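Here the structure comes first, spelled out in structure tokens, and everything after it is commentary.
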Amino acid sequence: MESILLLVNIVVAVLLVITVLLQRSESGMGAGLGGGPATADAGQTAQKPLVKATSILGAIFLANIVLIGMLNSRGTETTSVVDTAPQAEAPLVPSIPAPLETQE
């Protein structure tokens with residue numbers, strides 16, 4: 001089951017990258033300085049299906065990642081590394097003899 005979800009996730013990720021790269025850049029540094037398209041709605045009808053496809057593929061990708069995470073964490077206990085680490089004994093401090101008192 002997990003391998004099928006991973007394969008679907010790879011395919012969705014590739015399709016998501018393709019749909020993002022096919023979209024026309026309409027904003028950015030040049031748009032404010034006159035580098036944008038000649039008209040405000042140039043190519044909008046061609047962009048709408050790509051925007052919808054990007055949104056749908058993004059939602060599928062996100063849901064698939066959450067599902068894979070839930071399947072991987074099923075049946076496992078949550079433990080901390082600190083809880084499983086062996087407890088070290090207190091180091092032995094060598095006893096230092098008390099200084100000899102000299103009587104004058």
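For the structure tokens, the naming scheme is as follows: chains receive sequential letters (A, B, ...) according to their order of presentation, residues are indexed from 1 within each chain, and ligands are indexed from 1 in presentation order.
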*Which neighbours of Met70 (chain A) fall inside 12 Å, counting only C-alpha atoms, when residues of the same chain fewer than 6 positions from it are skipped, and could you give them as an NGL selection string?*
:A and (2 or 5 or 63-64 or 76)
_I need the residue nearest Ser55 (chain A) from this list: A:Thr102, A:Ser73, A:Glu89, A:Val12. Use only C-alpha atoms for the distance._
A:Val12
_Nearby residues (only C-alpha atoms) at most 12 Å from Asn72 (chain A), same-chain spacing under 5 positions excluded, as a ChimeraX atom specification_ = /A:1-3,5-6,65-67,77
Convert the current residue selection to file output with C-alpha atoms, as a short mmCIF file (atom, residue, chain, number, x, y, z; two decimals), in the first residue's frame.
data_model
loop_
_atom_site.label_atom_id
_atom_site.label_comp_id
_atom_site.auth_asym_id
_atom_site.auth_seq_id
_atom_site.Cartn_x
_atom_site.Cartn_y
_atom_site.Cartn_z
CA MET A 1 0.00 0.00 0.00
CA GLU A 2 2.77 2.40 0.91
CA SER A 3 4.68 1.70 -2.29
CA LEU A 5 1.14 5.78 -2.45
CA LEU A 6 4.80 6.64 -2.97
CA ILE A 65 1.87 13.09 2.12
CA VAL A 66 -0.37 13.19 5.20
CA LEU A 67 -1.70 9.70 4.41
CA GLU A 77 5.31 3.91 19.89
#
*asked:* List as a list of chain:residue names the protein and nucleic acid residues near Leu50 (chain A), meaning an atom at most 10 Å away when only C-alpha atoms are counted, but skip any in the same chain fewer than 4 places from it.
replied: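 Skipping anything fewer than 4 positions along the chain leaves A:Leu16, A:Ile18, A:Thr19, A:Val20, A:Leu21, A:Leu22, A:Gln23, A:Arg24, A:Thr45, A:Ala46, A:Thr54, A:Ser55, A:Ile56.
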*Among listed residues A:Gly58, A:Pro99, A:Pro86, A:Gly69, nearest Val17 (chain A) (using only C-alpha atoms)*: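 Once distances to Val17 (chain A) are computed over only C-alpha atoms, the minimum belongs to A:Gly58.
Of note, CA of Leu62 (chain A) and CA of Leu7 (chain A) are spaced 14.3 Å apart.
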*asked:* As an exercise, work out the distance from CA of Asn9 (chain A) to CA of Ile60 (chain A) in Å and give it to one decimal place.
replied: 8.4 Å
